[in-house]
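Reviewing the structure listed below.
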Amino acid sequence: MHIGKVITLQSQQQTQHWKELGSYFWQERKMLGIVTVSGLIYNVGMLAGPWFDGQLAQCLYDIVQGKQSASDMYRLCLCYLATILCVQGARYIKRLYVRKFANHVSLTMRARLYQNLVQMTRAAIARQDTGSLMTKIIADIDACVEGMRKFTTELFDTGVVMVAYIAMLLYYDWRLTMLVLLFPPLAYLLADRLRRHVARAAAQSKESSGALTDGTLDRLRHAMTYRIYGVEASEDAHYETLLTDYEKKRIRSNLFENALQPLYRSIALCGTVVILYEGGRNVLGSGMASWDIAAFSTYLACFLKLAVKSSHAAKLFNAVQKAQVSWQRIRPQLQESAPLTEPQQPFPADVLTVQDVAFTYPGTEMPVFRNLSFTARPGEIIGITGPVACGKSTLGRALLCESPHDGTIYFGSQELGNGHGSPVGIIGYSGHSPELFSGTIAENIQFGCTDRPDDFRAVWQAVCLDEDDLPDGPATRIGPGGLRLSGGQQARVALARALFGGCPVLVLDDPFASVDQKTEARILQHLRQSSNGRIILLISHRLTVFPQLDQVIWMQPDGAVRVADHAALYEQCDAYRRLYDLQVPQSPAESLPPLASLGKEADSHA
Ligand SMILES: Nc1ncnc2c1ncn2[C@@H]1O[C@H](COP(=O)(O)OP(=O)(O)OP(=O)(O)O)[C@@H](O)[C@H]1O
């Protein structure tokens with residue numbers, strides 16, 4: 001009963017696989033219609049070749065015997081030529097449309113893959129080696145499409161034509177045909193035996209190619225580090241190992257793929273010996289049938305073509321097997337993905353409510369933090385801090401809801417998605433890496449929001465970029481990854497982009513790590529003045545400005561969290577007090593003016 005269920009489930013899955021694969025054929029049905037018509041003309045027309053060969057041989061014999069003249073031969077040649085032109089024309093159309101079909105399928109698959117990859121969560125991306133992931137998936141798509149192309153081509157070039165050839169052979173001598181047709185199945189049998197090895201060799205070659213891509217990227221990315229630490233030689237030796245492994249596996253895979261073809265062909269061609277003997281007897285009148293030279297010639301030509309075709313069929317099995325293996329691997333990446341949601345801008349300011357949130361990394365037991373509850377009102381700035389590796393960045397990323405967490409996070413009355421990302425346009429994020437694009441500073445800041453040029457100046461000033469000596473101001477080109485800017489400038493451009501984005505909640509992970517304390521205080525003052533009700537969650541190691549914040553989340557290495565304002569935390573939490581005093585020894589908490597009053601001061605100056 002149990003086994004029965006398993007088999008039913010497997011066959012249902014198999015049917016689903018074929019349905020999904022079949023949908024690609026169905027999408028291209030118009031092209032496949034043209035392929036079918038031209039394929040039938042071409043393949044049925046292929047029978048004309050052996051027939052004309054036989055007729056020409058017979059005509060030559062008759063001319064020698066004086067039964068026919070040279071003009072008969074010319075007429076026959078002209079007919080042959082016209083038939084070849086028609087057949088080859090149909091072949092050209094068929095090939096052209098099979099290629100077009102394969103290209104369309106490849107593009108559809110790549111577009112789906114792209115949609116799925118860009119919608120992968122950060123956690124899922126982090127679990128994969130991007131180099132080998134891309135190499136494997138693209139190679140799998142190519143193998144799958146190649147299998148579909150070969151299948152479509154060979155369905156006509158091999159399938160239809162073989163049926164036609166067999167019919168013709170049977171017509172000439174059915175007993176001899178039954179005998180010689182024993183050989184091609186032997187070639188299939190061998191191909192079937194070897195196909196698993198072929199697929200395995202191809203998979204190993206692909207894996208090795210992925211490892212080599214990763215190795216190359218790693219060697220390039222960390223070239224300077226390897227040089228500084230004197231490990232270049234050992235890294236090069238490791239790279240050499242990868243290269244050798246790739247070479248071995250590639251050769252093995254190529255051997256399996258190409259060297260078997262002549263073997264299949266030789267086996268299929270063994271029937272020729274039998275035809276030469278038995279066919280000769282037929283012509284001499286002592287065989288199983290009575291033949292003239294035309295019949296002998298046509299039969300032999302027909303069989304040779306059939307044998308060559310049957311060796312193609314063996315190769316086709318390998319291609320289809322490879323395509324099946326590739327399809328199973330890429331299928332999850334090719335599922336129809338939800339369309340990307342358009343950002344619903346602007347989301348009005350609202351309250352952020354975090355209730356009993358805990359986060360545990362997949363594969364680990366202990367939560368990085370637990371029981372986190374707080375409410376942030378519009379305009380509030382909330383500091384997040386704690387000892388090294390206590391989970392500050394993890395909390396920042398958890399608020400983006402890309403990985404599943406316990407508890408709930410609400411913005412106003414809307415619950416933010418748990419594990420599939422919060423709706424676009426609510427939470428803005430600026431992480432450790434500035435992720436700048438080559439282009440101008442303005443293009444980086446206005447990224448995705450080019451339709452709001454007026455707000456640009458306010459953001460430019462808020463991050464103190466107006467105080468920097470930039471050669472072309474906002475039009476300064478920053479080079480790939482922003483390499484022409486200092487670390488502090490890169491951090492401020494990334495911050496400006498997050499501010500310009502207009503999300504009502506901003507998570508800023510250590511945005512002031514590369515700026516001096518004066519600039520940090522000034523930026524914070526600007527943020528407060530121009531908040532427009534935006535909630536800012538500020539992750540930082542530096543506590544200098546924390547007395548000015550509305551709330552502080554203190555994270556402990558054991559996963560416990562405390563939420564209070566600076567004064568209360570300073571009073572009640574020894575670890576927080578010690579850290580704060582270490583950084584700001586001479587200034588007790590009360591001595592700093594609250595940030596709200598700084599805003600008012602600035603207003604009154606204005
Ligand atoms: N992808 C991950 N999978 C498993 N554990 C992780 C992952 N990322 C981080 N961690 C672990 O989670 C803990 C918190 O890391 P996190 O980067 O959030 O700390 P942090 O407080 O931001 O660190 P820092 O003070 O260095 O900025 C660390 O113990 C870290 O090893």
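We name chains A, B, ... following the order of the structure tokens; residues begin at 1 in each chain, and ligands are numbered from 1 as shown.
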Using only C-alpha atoms and all ligand atoms, what does the table of chain A residues within 8 Å of ligand 1 look like, with each row giving the shortest atom pair and its distance in Å to one decimal, sorted by chain and ascending number, as JSON lines?
```
{"residue": "A:Ala123", "atom": "CA", "partner": "ligand 1", "partner_atom_place_in_ligand_line": "1 (N)", "distance": 6.8}
{"residue": "A:Ala126", "atom": "CA", "partner": "ligand 1", "partner_atom_place_in_ligand_line": "1 (N)", "distance": 7.1}
{"residue": "A:Tyr361", "atom": "CA", "partner": "ligand 1", "partner_atom_place_in_ligand_line": "4 (C)", "distance": 5.1}
{"residue": "A:Pro362", "atom": "CA", "partner": "ligand 1", "partner_atom_place_in_ligand_line": "3 (N)", "distance": 7.0}
{"residue": "A:Gly363", "atom": "CA", "partner": "ligand 1", "partner_atom_place_in_ligand_line": "4 (C)", "distance": 7.7}
{"residue": "A:Thr364", "atom": "CA", "partner": "ligand 1", "partner_atom_place_in_ligand_line": "4 (C)", "distance": 7.0}
{"residue": "A:Val368", "atom": "CA", "partner": "ligand 1", "partner_atom_place_in_ligand_line": "12 (O)", "distance": 5.9}
{"residue": "A:Thr385", "atom": "CA", "partner": "ligand 1", "partner_atom_place_in_ligand_line": "21 (O)", "distance": 7.6}
{"residue": "A:Gly386", "atom": "CA", "partner": "ligand 1", "partner_atom_place_in_ligand_line": "21 (O)", "distance": 6.7}
{"residue": "A:Pro387", "atom": "CA", "partner": "ligand 1", "partner_atom_place_in_ligand_line": "25 (O)", "distance": 6.2}
{"residue": "A:Val388", "atom": "CA", "partner": "ligand 1", "partner_atom_place_in_ligand_line": "25 (O)", "distance": 3.4}
{"residue": "A:Ala389", "atom": "CA", "partner": "ligand 1", "partner_atom_place_in_ligand_line": "23 (O)", "distance": 3.4}
{"residue": "A:Cys390", "atom": "CA", "partner": "ligand 1", "partner_atom_place_in_ligand_line": "21 (O)", "distance": 4.0}
{"residue": "A:Gly391", "atom": "CA", "partner": "ligand 1", "partner_atom_place_in_ligand_line": "18 (O)", "distance": 3.3}
{"residue": "A:Lys392", "atom": "CA", "partner": "ligand 1", "partner_atom_place_in_ligand_line": "22 (O)", "distance": 3.9}
{"residue": "A:Ser393", "atom": "CA", "partner": "ligand 1", "partner_atom_place_in_ligand_line": "22 (O)", "distance": 3.6}
{"residue": "A:Thr394", "atom": "CA", "partner": "ligand 1", "partner_atom_place_in_ligand_line": "18 (O)", "distance": 3.6}
{"residue": "A:Leu395", "atom": "CA", "partner": "ligand 1", "partner_atom_place_in_ligand_line": "18 (O)", "distance": 6.5}
{"residue": "A:Gly396", "atom": "CA", "partner": "ligand 1", "partner_atom_place_in_ligand_line": "18 (O)", "distance": 8.0}
{"residue": "A:Asp510", "atom": "CA", "partner": "ligand 1", "partner_atom_place_in_ligand_line": "27 (O)", "distance": 7.9}
{"residue": "A:His541", "atom": "CA", "partner": "ligand 1", "partner_atom_place_in_ligand_line": "25 (O)", "distance": 7.1}
```
Just the selected residues (C-alpha atoms), exported as a PDB file, in the first residue's frame, please.
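The result, stored in result-v8.pdb:
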```pdb
ATOM      1  CA  ALA A 123      19.753  34.428   3.194  1.00  0.00           C
ATOM      2  CA  ALA A 126      24.277  33.789   1.049  1.00  0.00           C
ATOM      3  CA  TYR A 361      19.644  31.719  11.886  1.00  0.00           C
ATOM      4  CA  PRO A 362      18.666  28.570   9.959  1.00  0.00           C
ATOM      5  CA  GLY A 363      20.730  25.611  11.117  1.00  0.00           C
ATOM      6  CA  THR A 364      21.437  27.128  14.540  1.00  0.00           C
ATOM      7  CA  VAL A 368      20.510  35.787  18.180  1.00  0.00           C
ATOM      8  CA  THR A 385      23.716  49.029  20.276  1.00  0.00           C
ATOM      9  CA  GLY A 386      25.487  46.380  22.308  1.00  0.00           C
ATOM     10  CA  PRO A 387      28.813  44.538  22.579  1.00  0.00           C
ATOM     11  CA  VAL A 388      30.599  43.213  19.506  1.00  0.00           C
ATOM     12  CA  ALA A 389      28.691  40.445  17.647  1.00  0.00           C
ATOM     13  CA  CYS A 390      25.613  40.742  19.878  1.00  0.00           C
ATOM     14  CA  GLY A 391      23.297  40.774  16.838  1.00  0.00           C
ATOM     15  CA  LYS A 392      22.866  44.448  15.879  1.00  0.00           C
ATOM     16  CA  SER A 393      23.147  43.883  12.122  1.00  0.00           C
ATOM     17  CA  THR A 394      21.021  40.748  12.420  1.00  0.00           C
ATOM     18  CA  LEU A 395      18.260  42.812  14.038  1.00  0.00           C
ATOM     19  CA  GLY A 396      18.567  45.438  11.287  1.00  0.00           C
ATOM     20  CA  ASP A 510      26.586  51.860  11.329  1.00  0.00           C
ATOM     21  CA  HIS A 541      28.924  51.168  18.153  1.00  0.00           C
TER      22      HIS A 541
END
```
Residues near A:Val351, cut-off 6 Å, only C-alpha atoms, skip fewer than 5 positions along chain, as a CSV table (one decimal) with N, CA and C atoms, in the first residue's frame:
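Heads up, here's the output in selection.csv:
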```
chain,number,residue,atom,x,y,z
A,376,ALA,N,7.7,52.5,17.9
A,376,ALA,CA,8.3,53.7,17.5
A,376,ALA,C,7.3,54.6,16.8
A,377,ARG,N,7.2,55.8,17.3
A,377,ARG,CA,6.2,56.8,16.7
A,377,ARG,C,6.9,57.6,15.6
A,378,PRO,N,6.1,58.2,14.7
A,378,PRO,CA,6.7,58.9,13.6
A,378,PRO,C,7.6,60.0,14.1
A,411,PHE,N,3.5,47.9,10.6
A,411,PHE,CA,3.7,49.3,10.3
A,411,PHE,C,2.2,49.8,10.2
A,412,GLY,N,1.8,50.7,11.2
A,412,GLY,CA,0.4,51.1,11.2
A,412,GLY,C,-0.4,49.8,11.4
```
Which one is closest to A:Glu443: A:Val507, A:Ala494, A:Cys77, A:Leu372? Count only C-alpha atoms.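 Of A:Val507, A:Ala494, A:Cys77, A:Leu372, the one nearest A:Glu443, counting only C-alpha atoms, is A:Ala494.
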Which residues are close to A:Leu113, i.e. within 7 Å by only C-alpha atoms, leaving aside same-chain residues fewer than 3 positions away? Reply as a list in words. Met109, Arg110, Asn116, Leu117, Gln333 and Leu334 of chain A
Show me, as a VMD selection string, the residues that have an atom within 9 Å of A:Arg370 when counting only C-alpha atoms, minus same-chain residues fewer than 4 positions from it. chain A and resid 356 to 360 406 559 to 561
Would you list the contacts of A:Arg250 as a PDB file with N, CA and C atoms, in the first residue's frame, taking every protein, DNA or RNA residue within 9 Å and counting only C-alpha atoms, but skipping same-chain residues closer than 2 positions in sequence?
```
ATOM      1  N   ALA A 201      29.236  12.034 -16.133  1.00  0.00           N
ATOM      2  CA  ALA A 201      30.466  12.726 -16.553  1.00  0.00           C
ATOM      3  C   ALA A 201      30.164  14.196 -16.848  1.00  0.00           C
ATOM      4  N   ALA A 202      29.002  14.469 -17.455  1.00  0.00           N
ATOM      5  CA  ALA A 202      28.635  15.857 -17.773  1.00  0.00           C
ATOM      6  C   ALA A 202      28.402  16.642 -16.488  1.00  0.00           C
ATOM      7  N   GLN A 204      29.675  16.051 -13.512  1.00  0.00           N
ATOM      8  CA  GLN A 204      30.957  16.284 -12.825  1.00  0.00           C
ATOM      9  C   GLN A 204      31.730  17.398 -13.503  1.00  0.00           C
ATOM     10  N   SER A 205      31.675  17.432 -14.822  1.00  0.00           N
ATOM     11  CA  SER A 205      32.391  18.478 -15.554  1.00  0.00           C
ATOM     12  C   SER A 205      31.817  19.850 -15.211  1.00  0.00           C
ATOM     13  N   LYS A 206      30.466  19.912 -15.087  1.00  0.00           N
ATOM     14  CA  LYS A 206      29.812  21.183 -14.759  1.00  0.00           C
ATOM     15  C   LYS A 206      30.186  21.641 -13.349  1.00  0.00           C
ATOM     16  N   SER A 208      32.868  20.902 -11.698  1.00  0.00           N
ATOM     17  CA  SER A 208      34.260  21.329 -11.709  1.00  0.00           C
ATOM     18  C   SER A 208      34.392  22.716 -12.344  1.00  0.00           C
ATOM     19  N   SER A 209      33.599  22.963 -13.380  1.00  0.00           N
ATOM     20  CA  SER A 209      33.632  24.277 -14.022  1.00  0.00           C
ATOM     21  C   SER A 209      33.168  25.365 -13.054  1.00  0.00           C
ATOM     22  N   ASP A 245      41.733  19.461 -12.438  1.00  0.00           N
ATOM     23  CA  ASP A 245      40.511  18.689 -12.217  1.00  0.00           C
ATOM     24  C   ASP A 245      39.496  18.993 -13.330  1.00  0.00           C
ATOM     25  N   TYR A 246      39.377  20.289 -13.648  1.00  0.00           N
ATOM     26  CA  TYR A 246      38.428  20.694 -14.699  1.00  0.00           C
ATOM     27  C   TYR A 246      38.807  20.061 -16.034  1.00  0.00           C
ATOM     28  N   GLU A 247      40.129  20.106 -16.325  1.00  0.00           N
ATOM     29  CA  GLU A 247      40.613  19.562 -17.602  1.00  0.00           C
ATOM     30  C   GLU A 247      40.265  18.077 -17.720  1.00  0.00           C
ATOM     31  N   LYS A 248      40.542  17.335 -16.608  1.00  0.00           N
ATOM     32  CA  LYS A 248      40.295  15.888 -16.610  1.00  0.00           C
ATOM     33  C   LYS A 248      38.822  15.604 -16.843  1.00  0.00           C
ATOM     34  N   ARG A 252      36.907  13.833 -20.036  1.00  0.00           N
ATOM     35  CA  ARG A 252      36.108  12.621 -19.828  1.00  0.00           C
ATOM     36  C   ARG A 252      34.697  12.825 -20.378  1.00  0.00           C
ATOM     37  N   SER A 253      34.139  13.997 -20.057  1.00  0.00           N
ATOM     38  CA  SER A 253      32.773  14.268 -20.519  1.00  0.00           C
ATOM     39  C   SER A 253      32.719  14.344 -22.052  1.00  0.00           C
ATOM     40  N   ASN A 254      33.731  15.008 -22.646  1.00  0.00           N
ATOM     41  CA  ASN A 254      33.769  15.115 -24.112  1.00  0.00           C
ATOM     42  C   ASN A 254      33.927  13.754 -24.767  1.00  0.00           C
ATOM     43  N   LEU A 255      34.784  12.920 -24.119  1.00  0.00           N
ATOM     44  CA  LEU A 255      35.008  11.578 -24.666  1.00  0.00           C
ATOM     45  C   LEU A 255      33.697  10.813 -24.725  1.00  0.00           C
TER      46      LEU A 255
END
```
Which residue gives the smallest distance to A:Phe317 among A:Asp472, A:Glu154, A:Asp218, A:Asp236, with only C-alpha atoms counted?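 Result for the nearest residue to A:Phe317: A:Glu154.
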